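Structure file start.txt with compact mmCIF, C-alpha atoms and all ligand atoms:
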# COMPACT_ATOMS: atom_id res chain seq x y z
CA MET O 12 123.64 114.89 78.67
CA GLY O 13 121.35 114.69 81.70
CA ARG O 14 121.69 116.74 84.82
CA ALA O 15 123.44 113.98 86.70
CA ALA O 16 125.92 113.52 83.89
CA ARG O 17 126.58 117.25 83.77
CA GLY O 18 127.08 117.18 87.52
CA TRP O 19 129.60 114.39 87.26
CA ALA O 20 131.40 116.20 84.47
CA ALA O 21 131.52 119.35 86.58
CA ALA O 22 132.85 117.43 89.55
CA VAL O 23 135.56 115.83 87.44
CA LEU O 24 136.49 119.18 85.95
CA LEU O 25 136.65 120.82 89.36
CA THR O 26 138.76 117.99 90.70
CA PHE O 27 141.12 118.50 87.80
CA LEU O 28 141.25 122.23 88.37
CA ALA O 29 142.02 121.63 92.02
CA GLY O 30 145.30 120.10 90.93
CA CYS O 31 146.63 116.65 90.22
CA THR O 32 148.35 116.49 93.60
CA ALA O 33 145.15 116.98 95.55
CA ALA O 34 144.91 114.38 98.28
CA ALA O 35 142.19 111.81 97.93
CA ASP O 36 140.93 112.86 101.34
CA ALA O 37 140.43 116.47 100.40
CA PRO O 38 138.23 118.31 102.89
CA ARG O 39 134.63 117.65 102.09
CA THR O 40 133.80 121.29 102.43
CA SER O 41 135.74 121.91 99.25
CA ILE O 42 133.13 120.00 97.29
CA GLY O 43 130.47 122.62 97.79
CA THR O 44 132.72 125.64 97.33
CA PRO O 45 135.18 125.18 94.46
CA ALA O 46 132.81 126.75 91.96
CA ALA O 47 133.36 130.17 93.47
CA ARG O 48 137.06 129.63 94.04
CA ASP O 49 137.70 128.39 90.52
CA ALA O 50 135.26 130.67 88.77
CA PRO O 51 137.91 133.11 87.49
CA VAL O 52 139.57 130.39 85.43
CA MET O 53 136.33 128.97 84.06
CA ALA O 54 135.17 130.01 80.61
CA THR O 55 131.70 130.50 82.06
CA PRO O 56 131.56 131.79 85.61
CA SER O 57 129.75 130.18 88.50
CA PRO O 58 126.99 129.16 89.13
CA THR O 59 127.09 127.17 85.91
CA ALA O 60 130.05 125.24 87.35
CA VAL O 61 127.69 123.24 89.52
CA PRO O 62 124.79 121.08 88.37
CA VAL O 63 121.44 122.65 87.64
CA PRO O 64 119.46 122.87 90.89
CA VAL O 65 116.73 120.35 91.42
CA GLN O 66 113.95 121.43 93.75
CA ALA O 67 113.58 118.31 95.81
CA VAL O 68 113.83 116.92 99.30
CA VAL O 69 116.01 113.87 99.84
CA VAL O 70 116.43 112.01 103.12
CA LEU O 71 119.77 110.28 103.65
CA ASP O 72 119.83 107.62 106.35
CA PRO O 73 123.32 106.59 107.51
CA GLY O 74 122.85 103.09 108.92
CA HIS O 75 123.46 102.27 112.60
CA ASN O 76 125.20 104.64 115.04
CA GLY O 77 128.44 104.85 116.99
CA GLY O 78 126.74 104.60 120.37
CA ASN O 79 124.74 101.47 119.57
CA ALA O 80 127.32 98.90 120.70
CA PRO O 81 127.44 100.09 124.33
CA ALA O 82 123.63 100.24 124.48
CA PRO O 83 122.50 96.69 123.63
CA GLU O 84 119.26 96.79 125.62
CA GLU O 85 118.15 100.08 124.17
CA ILE O 86 118.74 99.07 120.56
CA ALA O 87 117.23 95.59 121.06
CA ARG O 88 113.87 97.08 121.98
CA PRO O 89 111.23 95.86 119.49
CA VAL O 90 109.66 98.49 117.26
CA PRO O 91 107.04 98.34 114.49
CA ALA O 92 108.41 97.08 111.17
CA GLY O 93 105.36 96.89 108.87
CA GLY O 94 103.24 94.04 110.17
CA PHE O 95 105.77 92.63 112.64
CA THR O 96 108.47 93.98 114.93
CA LYS O 97 112.22 94.31 114.66
CA PRO O 98 114.94 95.53 117.02
CA CYS O 99 115.15 99.31 117.29
CA ASN O 100 118.57 99.23 115.67
CA THR O 101 121.73 97.12 115.36
CA THR O 102 125.45 97.70 115.68
CA GLY O 103 126.24 96.97 112.03
CA THR O 104 129.33 95.26 110.70
CA ALA O 105 133.00 96.22 110.36
CA THR O 106 136.10 95.38 108.33
CA SER O 107 138.44 92.76 109.75
CA ASP O 108 140.67 95.65 110.84
CA GLY O 109 137.84 97.22 112.79
CA TYR O 110 136.62 100.04 110.56
CA ALA O 111 132.99 100.19 111.57
CA GLU O 112 129.99 100.33 109.29
CA HIS O 113 128.42 103.16 111.31
CA ALA O 114 131.49 105.34 110.67
CA PHE O 115 131.49 104.44 106.99
CA THR O 116 127.80 105.19 106.50
CA PHE O 117 128.02 108.49 108.35
CA ASP O 118 131.00 109.62 106.29
CA VAL O 119 129.44 108.66 102.96
CA ALA O 120 126.14 110.29 103.94
CA GLN O 121 127.91 113.56 104.76
CA ARG O 122 129.74 113.51 101.45
CA THR O 123 126.54 112.69 99.57
CA ALA O 124 124.67 115.46 101.37
CA ASP O 125 127.36 117.98 100.38
CA LEU O 126 127.13 116.94 96.75
CA LEU O 127 123.34 117.07 96.62
CA ARG O 128 123.10 120.38 98.49
CA ALA O 129 125.54 121.89 96.00
CA THR O 130 122.93 121.19 93.31
CA GLY O 131 120.10 122.80 95.25
CA VAL O 132 118.56 119.66 96.72
CA THR O 133 117.27 119.94 100.28
CA VAL O 134 118.84 117.10 102.28
CA VAL O 135 117.63 115.79 105.62
CA LEU O 136 119.80 113.34 107.57
CA THR O 137 118.28 110.82 109.97
CA ARG O 138 121.15 111.31 112.40
CA ILE O 139 123.50 114.25 112.84
CA ASP O 140 126.46 112.63 114.58
CA ASP O 141 128.18 109.26 114.86
CA SER O 142 128.20 108.94 118.63
CA GLY O 143 124.54 108.54 119.55
CA VAL O 144 122.20 105.58 120.02
CA GLY O 145 119.70 104.82 117.25
CA PRO O 146 117.45 106.36 116.15
CA CYS O 147 115.24 103.32 115.84
CA VAL O 148 114.51 102.09 112.33
CA ASN O 149 110.85 103.13 112.52
CA VAL O 150 111.85 106.65 113.52
CA ARG O 151 114.21 106.84 110.57
CA ALA O 152 111.32 105.92 108.28
CA ASP O 153 109.16 108.56 109.96
CA THR O 154 111.82 111.17 109.23
CA ALA O 155 111.48 110.54 105.51
CA ASN O 156 107.69 110.35 105.64
CA ASP O 157 107.34 113.51 107.73
CA ALA O 158 109.64 115.37 105.34
CA ALA O 159 107.48 114.23 102.41
CA ALA O 160 110.77 113.30 100.80
CA ASP O 161 111.00 112.79 97.06
CA LEU O 162 113.37 109.93 97.85
CA ALA O 163 114.89 108.30 100.94
CA VAL O 164 118.22 106.48 100.67
CA SER O 165 119.51 104.32 103.50
CA ILE O 166 123.28 103.92 103.31
CA HIS O 167 124.87 100.71 104.58
CA ALA O 168 127.72 98.29 103.92
CA ASP O 169 127.32 94.55 104.16
CA GLY O 170 128.97 91.96 106.37
CA ALA O 171 128.79 88.89 104.13
CA ALA O 172 131.24 86.03 103.62
CA PRO O 173 134.84 87.18 102.94
CA ASP O 174 135.02 85.54 99.51
CA VAL O 175 132.21 87.56 97.92
CA ARG O 176 132.14 91.22 97.06
CA GLY O 177 130.27 93.98 95.34
CA PHE O 178 127.49 96.46 96.08
CA HIS O 179 123.77 96.06 95.86
CA VAL O 180 120.68 98.20 96.10
CA VAL O 181 117.67 96.92 98.04
CA SER O 182 114.28 97.84 96.62
CA PRO O 183 111.21 97.43 98.84
CA GLY O 184 108.90 94.48 98.39
CA LEU O 185 105.31 94.59 99.61
CA ALA O 186 105.38 94.82 103.40
CA PRO O 187 103.40 92.20 105.35
CA ASP O 188 100.93 94.91 106.36
CA GLY O 189 100.71 96.17 102.77
CA GLY O 190 101.44 99.72 103.86
CA ASN O 191 104.14 100.50 101.33
CA ALA O 192 102.26 99.36 98.21
CA ALA O 193 102.06 102.84 96.74
CA ILE O 194 105.81 103.40 96.67
CA LEU O 195 107.05 100.12 95.20
CA ASP O 196 107.20 101.12 91.52
CA ALA O 197 108.91 104.45 92.12
CA SER O 198 111.35 102.83 94.52
CA ALA O 199 112.27 100.21 91.93
CA GLU O 200 113.02 103.02 89.46
CA ALA O 201 115.24 104.68 92.03
CA ALA O 202 117.03 101.38 92.66
CA SER O 203 117.73 101.05 88.95
CA ASP O 204 119.10 104.60 88.77
CA LEU O 205 121.31 104.02 91.82
CA LEU O 206 122.61 100.75 90.41
CA ALA O 207 123.81 102.38 87.22
CA ALA O 208 125.24 105.50 88.82
CA PHE O 209 127.04 103.76 91.68
CA ALA O 210 128.66 101.25 89.34
CA ALA O 211 129.78 104.04 87.01
CA ALA O 212 131.22 106.21 89.77
CA THR O 213 133.03 103.52 91.76
CA GLY O 214 133.75 100.64 89.39
CA GLU O 215 132.44 98.40 92.16
CA PRO O 216 130.85 95.23 90.72
CA PRO O 217 127.12 94.68 91.26
CA ALA O 218 126.91 91.86 93.80
CA THR O 219 125.57 88.48 92.82
CA TYR O 220 125.80 86.84 96.26
CA PRO O 221 122.69 88.17 98.07
CA GLY O 222 119.43 86.31 98.21
CA ALA O 223 116.32 87.79 96.60
CA LEU O 224 118.28 89.07 93.62
CA VAL O 225 116.16 90.82 91.01
CA GLN O 226 119.24 91.31 88.87
CA PRO O 227 122.94 91.59 89.70
CA GLY O 228 123.23 94.47 92.14
CA VAL O 229 119.53 94.72 93.01
CA THR O 230 117.50 92.77 95.55
CA GLN O 231 113.91 93.14 96.68
CA ARG O 232 113.05 92.61 100.35
CA ASN O 233 110.09 93.07 102.65
CA ASP O 234 111.82 92.32 105.96
CA LEU O 235 113.42 95.72 106.46
CA ALA O 236 111.52 98.17 108.64
CA GLY O 237 112.82 101.25 106.89
CA LEU O 238 111.51 100.11 103.53
CA ASN O 239 108.31 98.55 104.89
CA LEU O 240 107.34 101.70 106.77
CA ALA O 241 108.25 104.08 103.95
CA ARG O 242 105.39 106.07 102.49
CA VAL O 243 107.75 107.90 100.14
CA PRO O 244 110.00 106.23 97.54
CA ALA O 245 112.82 104.54 99.42
CA VAL O 246 115.83 102.34 98.73
CA LEU O 247 118.75 100.98 100.69
CA ILE O 248 122.27 100.56 99.33
CA GLU O 249 124.87 98.12 100.62
CA CYS O 250 127.89 99.92 99.21
CA ALA O 251 130.32 97.00 99.56
CA ASN O 252 131.00 93.86 101.58
CA MET O 253 133.17 95.05 104.46
CA ARG O 254 134.31 91.49 105.24
CA ASN O 255 135.89 91.07 101.80
CA PRO O 256 139.55 92.20 101.62
CA LEU O 257 139.17 94.07 98.32
CA ASP O 258 136.01 95.82 99.45
CA ALA O 259 137.56 96.56 102.86
CA ALA O 260 140.40 98.35 101.10
CA ALA O 261 137.82 100.34 99.18
CA VAL O 262 135.66 101.45 102.10
CA THR O 263 138.68 102.51 104.17
CA ASP O 264 139.91 104.75 101.33
CA PRO O 265 138.48 108.27 101.62
CA GLY O 266 138.86 108.72 97.87
CA TRP O 267 136.67 105.68 97.26
CA ARG O 268 134.13 106.96 99.77
CA GLN O 269 133.97 110.22 97.82
CA ARG O 270 133.34 108.27 94.62
CA ALA O 271 130.68 106.24 96.43
CA ALA O 272 129.01 109.46 97.52
CA GLN O 273 129.21 110.76 93.95
CA GLY O 274 127.58 107.57 92.73
CA ILE O 275 124.73 107.89 95.20
CA ALA O 276 124.27 111.58 94.42
CA ASP O 277 124.30 110.87 90.68
CA GLY O 278 121.73 108.10 91.13
CA VAL O 279 119.50 110.37 93.16
CA GLN O 280 119.81 113.13 90.56
CA ALA O 281 118.99 110.70 87.76
CA TYR O 282 115.89 109.59 89.62
CA LEU O 283 114.76 113.12 90.47
CA THR O 284 115.17 114.39 86.94
CA SER O 285 113.30 111.41 85.47
CA ARG O 286 110.21 111.92 87.61
ZN ZN N 301 123.97 98.05 107.95
Structure encoded using structure tokens:
Amino acid sequence: MGRAARGWAAAVLLTFLAGCTAAADAPRTSIGTPAARDAPVMATPSPTAVPVPVQAVVVLDPGHNGGNAPAPEEIARPVPAGGFTKPCNTTGTATSDGYAEHAFTFDVAQRTADLLRATGVTVVLTRIDDSGVGPCVNVRADTANDAAADLAVSIHADGAAPDVRGFHVVSPGLAPDGGNAAILDASAEAASDLLAAFAAATGEPPATYPGALVQPGVTQRNDLAGLNLARVPAVLIECANMRNPLDAAAVTDPGWRQRAAQGIADGVQAYLTSR
């Protein structure tokens, strides 16, 4: 059993120990602390209740930001994108009931960060609240590069046609300026690890609707600034299609968001331990 699998088993066990009546939206802070709380009833005391630490730096990039919509001129400003320019940032999508992508990505990133930090991974977030503007996509890439991250994961949800659903991971293609050539193979490995782990944790189907499909649930693109400007292994995950009713029900469920975070964390762990 690999580290990620042991981590998932530990998380399941701890969830069980926390009681069958535990609300799906249990406080996130409980994720990092139950080992100590539950240690007395464990056959083997903490710290073996949490996954084996992995000495690594991971950058999590929650897409968009809550202050983007009221700042259209600021986020429309063109920035470098790897041989061309793109807008600094965008507002993102939302469910038909108005649950915004920026809120979803921020929540899932926080949950993922908690899970990874509990295993000893150093996590850097590209934004620390959900009320600001930006940062621009090139700055987000710089955050990962400057941190010399072992892996950068951008977290998004899609806004595709309402009759299609599923998640997909975006692996970088060669940027027009060629600058990300050195990270393409490792990023593709990370995309494969995330695909498997996210599907296992959430039961969400790998999407078949996007263009540039490499396989169900994985696309390869060279039009995204964050992936084009990455100089460390980087992937982007579209966790669901927020415009689809089934997926909208998923993303608005805190329990599903916790499973999504677990899937991302498991994928990251699988990648880190395979390197
Ligand atoms: Zn997005």
Neighbour list for range 100-102 of chain O as a compact mmCIF listing (two decimals) with C-alpha atoms, keeping the file's coordinate frame, cut-off 8 Å, only C-alpha atoms, skip fewer than 2 positions in-chain:
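Here's the written file result.txt:
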# COMPACT_ATOMS: atom_id res chain seq x y z
CA HIS O 75 123.46 102.27 112.60
CA ASN O 76 125.20 104.64 115.04
CA GLY O 77 128.44 104.85 116.99
CA ASN O 79 124.74 101.47 119.57
CA ALA O 80 127.32 98.90 120.70
CA ILE O 86 118.74 99.07 120.56
CA ALA O 87 117.23 95.59 121.06
CA PRO O 98 114.94 95.53 117.02
CA THR O 104 129.33 95.26 110.70
CA HIS O 113 128.42 103.16 111.31
CA GLY O 145 119.70 104.82 117.25
CA PRO O 146 117.45 106.36 116.15
CA CYS O 147 115.24 103.32 115.84
CA VAL O 148 114.51 102.09 112.33
Practice task
With a distance cut-off of 8 Å and only C-alpha atoms, select the neighbouring residues of range 211-221 of chain O, excluding the residue or stretch itself and same-chain residues fewer than 4 positions from it, and output the selection as number ranges by chain.
Solution key: O: 175-179, 206-207, 226-230, 251, 267, 270-271, 273-274
Problem - ligand ZN 301 (chain N) neighbours within 10 Å using all atoms listed in the file, as a PyMOL selection string - result: chain O and resi 73-76+100-105+111-113+115-116+165-170+247-250
With 5 Å on each side, where is the centre of the axis-aligned box around all listed atoms of range 207-223 of chain O, and how long are its edges in Å to one decimal, as AutoDock Vina command-line options?
--center_x 125.0 --center_y 96.3 --center_z 92.6 --size_x 27.4 --size_y 29.9 --size_z 21.2
Practice task
Select, from O:Ile139, O:Gln231, O:Tyr110, O:Ala67, the residue with the minimum atom-to-atom distance to Ala260 in chain O, counting only C-alpha atoms.
Solution key: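 So, comparing all the options, the nearest one is O:Tyr110.
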Exercise for the section: Using all atoms listed in the file, pick whichever of O:Leu224, O:Ala236, O:Met253, O:Ala155 has the shortest atom-to-atom distance to Ala172 in chain O. Expected result: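 Selected residue with least distance to Ala172 in chain O: O:Met253.
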Problem - Pick from O:Gly94, O:Pro83, O:Gly237, O:Pro89, whichever lies nearest to Asp188 in chain O using all atoms listed in the file - result: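 Between O:Gly94, O:Pro83, O:Gly237, O:Pro89, the residue approaching Asp188 in chain O most closely is O:Gly94.
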